[in-house]
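Have a look at structure_8.pdb; it's PDB, C-alpha atoms, pLDDT in the B column:
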ATOM      1  CA  MET A 137      16.402  63.783  10.551  1.00 39.00           C
ATOM      2  CA  ASN A 138      13.974  64.594  13.356  1.00 41.00           C
ATOM      3  CA  ASN A 139      11.846  67.706  13.660  1.00 45.00           C
ATOM      4  CA  ASN A 140      14.556  69.483  15.613  1.00 48.00           C
ATOM      5  CA  ARG A 141      16.991  69.139  12.760  1.00 53.00           C
ATOM      6  CA  ILE A 142      14.744  70.899  10.252  1.00 55.00           C
ATOM      7  CA  ASN A 143      14.439  73.813  12.666  1.00 61.00           C
ATOM      8  CA  LEU A 144      18.148  74.524  12.246  1.00 91.00           C
ATOM      9  CA  ILE A 145      20.099  76.396   9.629  1.00 95.00           C
ATOM     10  CA  ALA A 146      21.237  73.822   7.078  1.00 96.00           C
ATOM     11  CA  ALA A 147      24.988  73.130   7.163  1.00 94.00           C
ATOM     12  CA  THR A 148      25.417  73.290   3.414  1.00 96.00           C
ATOM     13  CA  PRO A 149      28.847  73.118   1.757  1.00 96.00           C
ATOM     14  CA  PRO A 150      30.459  76.094   0.032  1.00 97.00           C
ATOM     15  CA  PRO A 151      28.555  77.147  -3.109  1.00 98.00           C
ATOM     16  CA  PRO A 152      27.759  76.514  -5.872  1.00 98.00           C
ATOM     17  CA  TYR A 153      24.857  74.183  -5.134  1.00 98.00           C
ATOM     18  CA  TYR A 154      21.119  74.257  -5.793  1.00 98.00           C
ATOM     19  CA  ALA A 155      18.027  75.211  -3.815  1.00 98.00           C
ATOM     20  CA  VAL A 156      14.334  74.480  -4.189  1.00 98.00           C
ATOM     21  CA  ILE A 157      12.240  77.193  -2.540  1.00 98.00           C
ATOM     22  CA  PHE A 158       8.756  75.789  -1.909  1.00 98.00           C
ATOM     23  CA  THR A 159       6.332  78.466  -0.710  1.00 97.00           C
ATOM     24  CA  SER A 160       2.781  77.407   0.099  1.00 97.00           C
ATOM     25  CA  LEU A 161      -0.570  78.309   1.591  1.00 96.00           C
ATOM     26  CA  ARG A 162      -2.428  75.476   3.329  1.00 96.00           C
ATOM     27  CA  THR A 163      -6.074  74.614   3.023  1.00 96.00           C
ATOM     28  CA  ASP A 164      -7.825  73.674   6.291  1.00 96.00           C
ATOM     29  CA  LYS A 165      -7.771  69.982   5.274  1.00 95.00           C
ATOM     30  CA  GLU A 166      -5.568  67.692   7.346  1.00 93.00           C
ATOM     31  CA  ASN A 167      -5.898  64.472   5.286  1.00 92.00           C
ATOM     32  CA  GLY A 168      -2.671  63.086   6.727  1.00 95.00           C
ATOM     33  CA  TYR A 169      -0.669  66.259   6.113  1.00 96.00           C
ATOM     34  CA  ALA A 170       1.462  66.224   9.289  1.00 95.00           C
ATOM     35  CA  ALA A 171       2.608  62.625   8.839  1.00 96.00           C
ATOM     36  CA  ALA A 172       3.188  63.095   5.109  1.00 96.00           C
ATOM     37  CA  SER A 173       5.176  66.266   5.692  1.00 95.00           C
ATOM     38  CA  LYS A 174       7.472  64.473   8.148  1.00 95.00           C
ATOM     39  CA  ARG A 175       7.744  61.468   5.833  1.00 96.00           C
ATOM     40  CA  THR A 176       8.623  63.672   2.846  1.00 96.00           C
ATOM     41  CA  VAL A 177      11.583  65.133   4.728  1.00 95.00           C
ATOM     42  CA  GLU A 178      12.721  61.620   5.712  1.00 96.00           C
ATOM     43  CA  LEU A 179      12.556  60.590   2.052  1.00 97.00           C
ATOM     44  CA  ALA A 180      14.414  63.677   0.839  1.00 97.00           C
ATOM     45  CA  ILE A 181      17.298  62.919   3.191  1.00 96.00           C
ATOM     46  CA  LEU A 182      17.654  59.492   1.578  1.00 96.00           C
ATOM     47  CA  GLN A 183      17.923  60.946  -1.936  1.00 97.00           C
ATOM     48  CA  PRO A 184      21.344  61.112  -3.610  1.00 97.00           C
ATOM     49  CA  GLY A 185      22.603  64.678  -3.683  1.00 98.00           C
ATOM     50  CA  PHE A 186      20.515  65.930  -0.746  1.00 98.00           C
ATOM     51  CA  LEU A 187      22.383  68.635   1.210  1.00 97.00           C
ATOM     52  CA  GLY A 188      19.872  69.938   3.760  1.00 97.00           C
ATOM     53  CA  VAL A 189      16.434  71.417   4.401  1.00 97.00           C
ATOM     54  CA  GLU A 190      15.016  74.392   6.268  1.00 97.00           C
ATOM     55  CA  SER A 191      11.343  74.954   7.008  1.00 96.00           C
ATOM     56  CA  ALA A 192       9.041  77.433   8.753  1.00 95.00           C
ATOM     57  CA  ARG A 193       5.330  78.153   8.617  1.00 94.00           C
ATOM     58  CA  GLU A 194       3.151  80.990   9.856  1.00 93.00           C
ATOM     59  CA  ASP A 195       0.274  81.721   7.463  1.00 91.00           C
ATOM     60  CA  LEU A 196       2.763  81.217   4.685  1.00 96.00           C
ATOM     61  CA  GLY A 197       4.915  78.088   4.688  1.00 96.00           C
ATOM     62  CA  ILE A 198       8.456  78.180   3.317  1.00 97.00           C
ATOM     63  CA  THR A 199      10.538  75.045   2.858  1.00 97.00           C
ATOM     64  CA  VAL A 200      13.937  75.322   1.225  1.00 98.00           C
ATOM     65  CA  SER A 201      15.773  72.129   0.297  1.00 98.00           C
ATOM     66  CA  TYR A 202      19.375  72.106  -0.901  1.00 98.00           C
ATOM     67  CA  TRP A 203      20.887  69.789  -3.512  1.00 98.00           C
ATOM     68  CA  GLU A 204      24.199  69.022  -5.168  1.00 98.00           C
ATOM     69  CA  SER A 205      22.882  69.248  -8.727  1.00 98.00           C
ATOM     70  CA  LEU A 206      19.859  69.873 -10.930  1.00 97.00           C
ATOM     71  CA  GLU A 207      19.889  66.143 -11.681  1.00 98.00           C
ATOM     72  CA  ALA A 208      19.414  65.421  -7.959  1.00 98.00           C
ATOM     73  CA  ILE A 209      16.429  67.824  -7.887  1.00 98.00           C
ATOM     74  CA  LYS A 210      14.917  66.175 -10.967  1.00 97.00           C
ATOM     75  CA  ASN A 211      15.282  62.734  -9.405  1.00 97.00           C
ATOM     76  CA  TRP A 212      13.691  63.938  -6.163  1.00 97.00           C
ATOM     77  CA  LYS A 213      10.763  65.462  -8.050  1.00 96.00           C
ATOM     78  CA  GLN A 214      10.182  62.084  -9.719  1.00 96.00           C
ATOM     79  CA  GLN A 215      10.634  59.907  -6.608  1.00 96.00           C
ATOM     80  CA  SER A 216       7.560  57.669  -6.518  1.00 96.00           C
ATOM     81  CA  GLU A 217       6.325  58.327  -2.971  1.00 96.00           C
ATOM     82  CA  HIS A 218       7.086  62.022  -3.405  1.00 96.00           C
ATOM     83  CA  LEU A 219       4.981  62.054  -6.603  1.00 96.00           C
ATOM     84  CA  LEU A 220       2.015  60.764  -4.577  1.00 96.00           C
ATOM     85  CA  ALA A 221       2.602  63.469  -1.949  1.00 96.00           C
ATOM     86  CA  GLN A 222       2.755  66.123  -4.672  1.00 96.00           C
ATOM     87  CA  GLN A 223      -0.607  64.911  -6.005  1.00 96.00           C
ATOM     88  CA  ARG A 224      -2.169  64.970  -2.531  1.00 97.00           C
ATOM     89  CA  GLY A 225      -0.715  68.440  -2.081  1.00 97.00           C
ATOM     90  CA  ARG A 226      -2.512  69.679  -5.178  1.00 96.00           C
ATOM     91  CA  ASP A 227      -5.742  67.834  -4.284  1.00 96.00           C
ATOM     92  CA  TYR A 228      -6.002  68.544  -0.550  1.00 96.00           C
ATOM     93  CA  TRP A 229      -3.289  70.347   1.356  1.00 97.00           C
ATOM     94  CA  TYR A 230      -2.421  73.505  -0.563  1.00 97.00           C
ATOM     95  CA  SER A 231      -4.650  76.285  -1.807  1.00 95.00           C
ATOM     96  CA  ALA A 232      -1.633  77.723  -3.631  1.00 96.00           C
ATOM     97  CA  TYR A 233       2.073  77.097  -3.919  1.00 96.00           C
ATOM     98  CA  LYS A 234       5.093  78.148  -5.896  1.00 97.00           C
ATOM     99  CA  THR A 235       8.266  76.133  -6.422  1.00 97.00           C
ATOM    100  CA  ARG A 236      11.412  77.984  -7.442  1.00 98.00           C
ATOM    101  CA  ILE A 237      14.544  76.170  -8.576  1.00 98.00           C
ATOM    102  CA  CYS A 238      17.695  78.181  -7.939  1.00 98.00           C
ATOM    103  CA  LYS A 239      21.454  78.042  -8.145  1.00 98.00           C
ATOM    104  CA  VAL A 240      23.120  79.269  -4.947  1.00 98.00           C
ATOM    105  CA  ASN A 241      26.196  81.264  -5.860  1.00 97.00           C
ATOM    106  CA  ALA A 242      27.290  83.028  -2.669  1.00 96.00           C
ATOM    107  CA  THR A 243      26.706  82.855   1.070  1.00 96.00           C
ATOM    108  CA  THR A 244      27.488  84.804   4.221  1.00 94.00           C
ATOM    109  CA  ASP A 245      27.202  83.516   7.788  1.00 92.00           C
ATOM    110  CA  LEU A 246      26.939  84.545  11.388  1.00 90.00           C
ATOM    111  CA  ASN A 247      28.054  81.645  13.601  1.00 80.00           C
ATOM    112  CA  GLY A 248      27.041  79.351  10.771  1.00 61.00           C
TER     113      GLY A 248
ATOM    114  CA  MET B 190       3.601  96.504   2.092  1.00 39.00           C
ATOM    115  CA  ASN B 191       1.745  95.530   5.252  1.00 41.00           C
ATOM    116  CA  ASN B 192       2.212  92.361   7.244  1.00 45.00           C
ATOM    117  CA  ASN B 193      -0.506  90.622   5.278  1.00 49.00           C
ATOM    118  CA  ARG B 194       1.365  91.081   2.049  1.00 54.00           C
ATOM    119  CA  ILE B 195       4.499  89.338   3.268  1.00 55.00           C
ATOM    120  CA  ASN B 196       2.367  86.375   4.295  1.00 61.00           C
ATOM    121  CA  LEU B 197       1.510  85.768   0.655  1.00 91.00           C
ATOM    122  CA  ILE B 198       3.339  83.995  -2.116  1.00 95.00           C
ATOM    123  CA  ALA B 199       5.333  86.658  -3.966  1.00 96.00           C
ATOM    124  CA  ALA B 200       3.992  87.409  -7.451  1.00 94.00           C
ATOM    125  CA  THR B 201       7.384  87.335  -9.112  1.00 96.00           C
ATOM    126  CA  PRO B 202       7.794  87.614 -12.907  1.00 96.00           C
ATOM    127  CA  PRO B 203       8.939  84.693 -15.065  1.00 97.00           C
ATOM    128  CA  PRO B 204      12.555  83.683 -14.332  1.00 98.00           C
ATOM    129  CA  PRO B 205      15.413  84.380 -14.488  1.00 98.00           C
ATOM    130  CA  TYR B 206      15.638  86.635 -11.445  1.00 98.00           C
ATOM    131  CA  TYR B 207      17.498  86.508  -8.143  1.00 98.00           C
ATOM    132  CA  ALA B 208      16.677  85.460  -4.586  1.00 98.00           C
ATOM    133  CA  VAL B 209      18.245  86.149  -1.207  1.00 98.00           C
ATOM    134  CA  ILE B 210      17.424  83.362   1.247  1.00 98.00           C
ATOM    135  CA  PHE B 211      17.968  84.684   4.780  1.00 98.00           C
ATOM    136  CA  THR B 212      17.697  81.939   7.402  1.00 97.00           C
ATOM    137  CA  SER B 213      18.086  82.927  11.050  1.00 97.00           C
ATOM    138  CA  LEU B 214      17.816  81.932  14.675  1.00 96.00           C
ATOM    139  CA  ARG B 215      16.734  84.673  17.070  1.00 96.00           C
ATOM    140  CA  THR B 216      18.228  85.496  20.432  1.00 96.00           C
ATOM    141  CA  ASP B 217      15.707  86.325  23.192  1.00 96.00           C
ATOM    142  CA  LYS B 218      16.592  90.037  22.893  1.00 95.00           C
ATOM    143  CA  GLU B 219      13.871  92.313  21.549  1.00 93.00           C
ATOM    144  CA  ASN B 220      15.874  95.580  21.232  1.00 92.00           C
ATOM    145  CA  GLY B 221      13.424  96.982  18.703  1.00 95.00           C
ATOM    146  CA  TYR B 222      13.387  93.856  16.553  1.00 96.00           C
ATOM    147  CA  ALA B 223       9.689  93.851  15.609  1.00 95.00           C
ATOM    148  CA  ALA B 224       9.679  97.479  14.459  1.00 96.00           C
ATOM    149  CA  ALA B 225      12.995  97.112  12.658  1.00 96.00           C
ATOM    150  CA  SER B 226      11.848  93.958  10.907  1.00 94.00           C
ATOM    151  CA  LYS B 227       8.741  95.744   9.595  1.00 95.00           C
ATOM    152  CA  ARG B 228      10.780  98.805   8.634  1.00 96.00           C
ATOM    153  CA  THR B 229      13.337  96.695   6.765  1.00 96.00           C
ATOM    154  CA  VAL B 230      10.610  95.231   4.567  1.00 95.00           C
ATOM    155  CA  GLU B 231       9.243  98.739   3.911  1.00 96.00           C
ATOM    156  CA  LEU B 232      12.725  99.851   2.870  1.00 97.00           C
ATOM    157  CA  ALA B 233      13.312  96.833   0.650  1.00 97.00           C
ATOM    158  CA  ILE B 234      10.122  97.574  -1.275  1.00 96.00           C
ATOM    159  CA  LEU B 235      11.450 101.040  -2.077  1.00 96.00           C
ATOM    160  CA  GLN B 236      14.697  99.685  -3.526  1.00 97.00           C
ATOM    161  CA  PRO B 237      15.146  99.611  -7.312  1.00 97.00           C
ATOM    162  CA  GLY B 238      14.864  96.059  -8.618  1.00 98.00           C
ATOM    163  CA  PHE B 239      12.803  94.705  -5.699  1.00 98.00           C
ATOM    164  CA  LEU B 240      10.389  91.995  -6.871  1.00 97.00           C
ATOM    165  CA  GLY B 241       8.839  90.596  -3.692  1.00 97.00           C
ATOM    166  CA  VAL B 242       9.403  89.039  -0.286  1.00 97.00           C
ATOM    167  CA  GLU B 243       8.153  86.001   1.615  1.00 96.00           C
ATOM    168  CA  SER B 244       8.680  85.377   5.309  1.00 96.00           C
ATOM    169  CA  ALA B 245       7.853  82.826   8.003  1.00 95.00           C
ATOM    170  CA  ARG B 246       9.219  82.034  11.453  1.00 94.00           C
ATOM    171  CA  GLU B 247       8.834  79.136  13.850  1.00 93.00           C
ATOM    172  CA  ASP B 248      12.059  78.409  15.754  1.00 91.00           C
ATOM    173  CA  LEU B 249      13.830  79.028  12.486  1.00 96.00           C
ATOM    174  CA  GLY B 250      13.061  82.187  10.528  1.00 96.00           C
ATOM    175  CA  ILE B 251      13.177  82.175   6.734  1.00 97.00           C
ATOM    176  CA  THR B 252      12.865  85.356   4.695  1.00 97.00           C
ATOM    177  CA  VAL B 253      13.288  85.172   0.932  1.00 98.00           C
ATOM    178  CA  SER B 254      13.501  88.417  -1.025  1.00 98.00           C
ATOM    179  CA  TYR B 255      13.421  88.531  -4.822  1.00 98.00           C
ATOM    180  CA  TRP B 256      15.353  90.903  -7.054  1.00 98.00           C
ATOM    181  CA  GLU B 257      15.804  91.766 -10.720  1.00 98.00           C
ATOM    182  CA  SER B 258      19.598  91.614 -10.665  1.00 98.00           C
ATOM    183  CA  LEU B 259      22.699  90.997  -8.555  1.00 97.00           C
ATOM    184  CA  GLU B 260      23.322  94.739  -8.750  1.00 98.00           C
ATOM    185  CA  ALA B 261      19.960  95.373  -7.040  1.00 98.00           C
ATOM    186  CA  ILE B 262      20.931  92.926  -4.270  1.00 98.00           C
ATOM    187  CA  LYS B 263      24.310  94.614  -3.824  1.00 97.00           C
ATOM    188  CA  ASN B 264      22.642  98.031  -3.565  1.00 97.00           C
ATOM    189  CA  TRP B 265      20.138  96.717  -1.022  1.00 97.00           C
ATOM    190  CA  LYS B 266      22.926  95.182   1.074  1.00 96.00           C
ATOM    191  CA  GLN B 267      24.631  98.599   1.158  1.00 96.00           C
ATOM    192  CA  GLN B 268      21.518 100.711   1.825  1.00 96.00           C
ATOM    193  CA  SER B 269      22.412 102.896   4.814  1.00 96.00           C
ATOM    194  CA  GLU B 270      19.485 102.134   7.133  1.00 96.00           C
ATOM    195  CA  HIS B 271      19.709  98.464   6.187  1.00 96.00           C
ATOM    196  CA  LEU B 272      23.416  98.472   7.106  1.00 96.00           C
ATOM    197  CA  LEU B 273      22.472  99.654  10.604  1.00 96.00           C
ATOM    198  CA  ALA B 274      19.854  96.909  10.854  1.00 96.00           C
ATOM    199  CA  GLN B 275      22.405  94.323   9.752  1.00 96.00           C
ATOM    200  CA  GLN B 276      24.756  95.490  12.508  1.00 96.00           C
ATOM    201  CA  ARG B 277      22.018  95.335  15.138  1.00 96.00           C
ATOM    202  CA  GLY B 278      21.162  91.880  13.837  1.00 96.00           C
ATOM    203  CA  ARG B 279      24.693  90.684  14.463  1.00 96.00           C
ATOM    204  CA  ASP B 280      24.899  92.454  17.843  1.00 96.00           C
ATOM    205  CA  TYR B 281      21.480  91.658  19.311  1.00 96.00           C
ATOM    206  CA  TRP B 282      18.821  89.855  17.343  1.00 97.00           C
ATOM    207  CA  TYR B 283      20.377  86.750  15.811  1.00 97.00           C
ATOM    208  CA  SER B 284      22.341  83.959  17.435  1.00 95.00           C
ATOM    209  CA  ALA B 285      23.078  82.619  13.954  1.00 96.00           C
ATOM    210  CA  TYR B 286      22.094  83.319  10.366  1.00 96.00           C
ATOM    211  CA  LYS B 287      22.967  82.371   6.841  1.00 97.00           C
ATOM    212  CA  THR B 288      22.388  84.444   3.726  1.00 97.00           C
ATOM    213  CA  ARG B 289      22.340  82.674   0.376  1.00 98.00           C
ATOM    214  CA  ILE B 290      22.338  84.559  -2.909  1.00 98.00           C
ATOM    215  CA  CYS B 291      20.725  82.592  -5.713  1.00 98.00           C
ATOM    216  CA  LYS B 292      19.667  82.796  -9.322  1.00 98.00           C
ATOM    217  CA  VAL B 293      16.117  81.525  -9.871  1.00 98.00           C
ATOM    218  CA  ASN B 294      15.993  79.590 -13.121  1.00 97.00           C
ATOM    219  CA  ALA B 295      12.656  77.778 -13.136  1.00 96.00           C
ATOM    220  CA  THR B 296       9.321  77.863 -11.339  1.00 96.00           C
ATOM    221  CA  THR B 297       6.115  75.855 -11.092  1.00 94.00           C
ATOM    222  CA  ASP B 298       2.839  77.053  -9.592  1.00 92.00           C
ATOM    223  CA  LEU B 299      -0.463  75.932  -8.175  1.00 90.00           C
ATOM    224  CA  ASN B 300      -2.975  78.789  -8.428  1.00 80.00           C
ATOM    225  CA  GLY B 301      -0.027  81.138  -8.400  1.00 61.00           C
TER     226      GLY B 301
END

What's the structure tokens form of this structure?
Amino acid sequence: MNNNRINLIAATPPPPYYAVIFTSLRTDKENGYAAASKRTVELAILQPGFLGVESAREDLGITVSYWESLEAIKNWKQQSEHLLAQQRGRDYWYSAYKTRICKVNATTDLNG
Amino acid sequence: MNNNRINLIAATPPPPYYAVIFTSLRTDKENGYAAASKRTVELAILQPGFLGVESAREDLGITVSYWESLEAIKNWKQQSEHLLAQQRGRDYWYSAYKTRICKVNATTDLNG
């Protein structure tokens, strides 16, 4: 998935499925953030049960990833390279974040 | 709530609660979008059961609003001024959007 793809509305299947809403505030430290951010999306796509991702940042960053099951989310959270990125996130990149794990139960679309 | 507030991570209570993930692509038509967008947030805050909102836009816009119950979401969807905004959204502002209604079951924080 290239950077264009994550700027689109994710073509998720009919619900139910699961979402991880990751909301964050960046520090001013780069420390490899741009490359790691791109790499993390590439890794997510390779995970079993991955359904899509959407991302935008102004002051606040919001990344929502979509998954087939809670098991898929658990496995993604524990993926080894992702664990390192999570640690670097806490140490360098984010002054604050919140991760919310959700079940998506209903959707509506315009031209979706 | 001013524009600074919606650039922060929403201080939601412990789960469970509900989220509406609204992902959208804008047309190039202004048609009062900026004012209506600000007004819609002001209206949401006044709704019973509103818990918070987070928003960011690059090419893709993501707005996540948080609610105490599905009933609160239903009432917000049917709020009269919001209904007009939804119609103008379909007619003018958005080339595509997707609304996902979710139940938030778990959260983790850094400095949240």

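Every chain A residue lying within 7 Å of chain B, based on only C-alpha atoms, is listed here: Asn143, Leu144, Ile145, Thr159, Ser160, Ala192, Arg193, Glu194, Asp195, Leu196, Gly197, Ile198, Ala232, Tyr233, Lys234, Thr235, Arg236, Ile237, Cys238, Lys239, Val240, Asn241, Ala242, Thr243, Thr244, Asp245, Leu246, Asn247 and Gly248 of chain A.
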
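If you look at CA of Asn167 in chain A and CA of Ala221 in chain A, they are 11.2 Å away from each other.
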
How big is the axis-aligned box, and where does its centre sit, when it encloses all atoms of range 188-202 of chain A listed in the file and has 6 Å added on every side, reported in Å to one decimal as JSON?
{"center_x": 10.1, "center_y": 75.8, "center_z": 4.5, "size_x": 31.6, "size_y": 23.8, "size_z": 22.8}

Inset, instruction - Find the spatial neighbours of Ala180 in chain A, counting all atoms listed in the file, within a cut-off of 10 Å - ignore same-chain residues fewer than 6 positions away - and output them as number ranges by chain. - result: A: 137, 186-189, 201-203, 209, 212-213, 215, 218

Legend entry - Atomic distance CA of Glu257 in chain B - CA of Ser269 in chain B, expressed in Å with one decimal: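 Value for the CA of Glu257 in chain B-CA of Ser269 in chain B distance: 20.2 Å.
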
Legend entry - d(CA of Arg215 in chain B, CA of Tyr281 in chain B) in Å: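 A separation of 8.7 Å between them.
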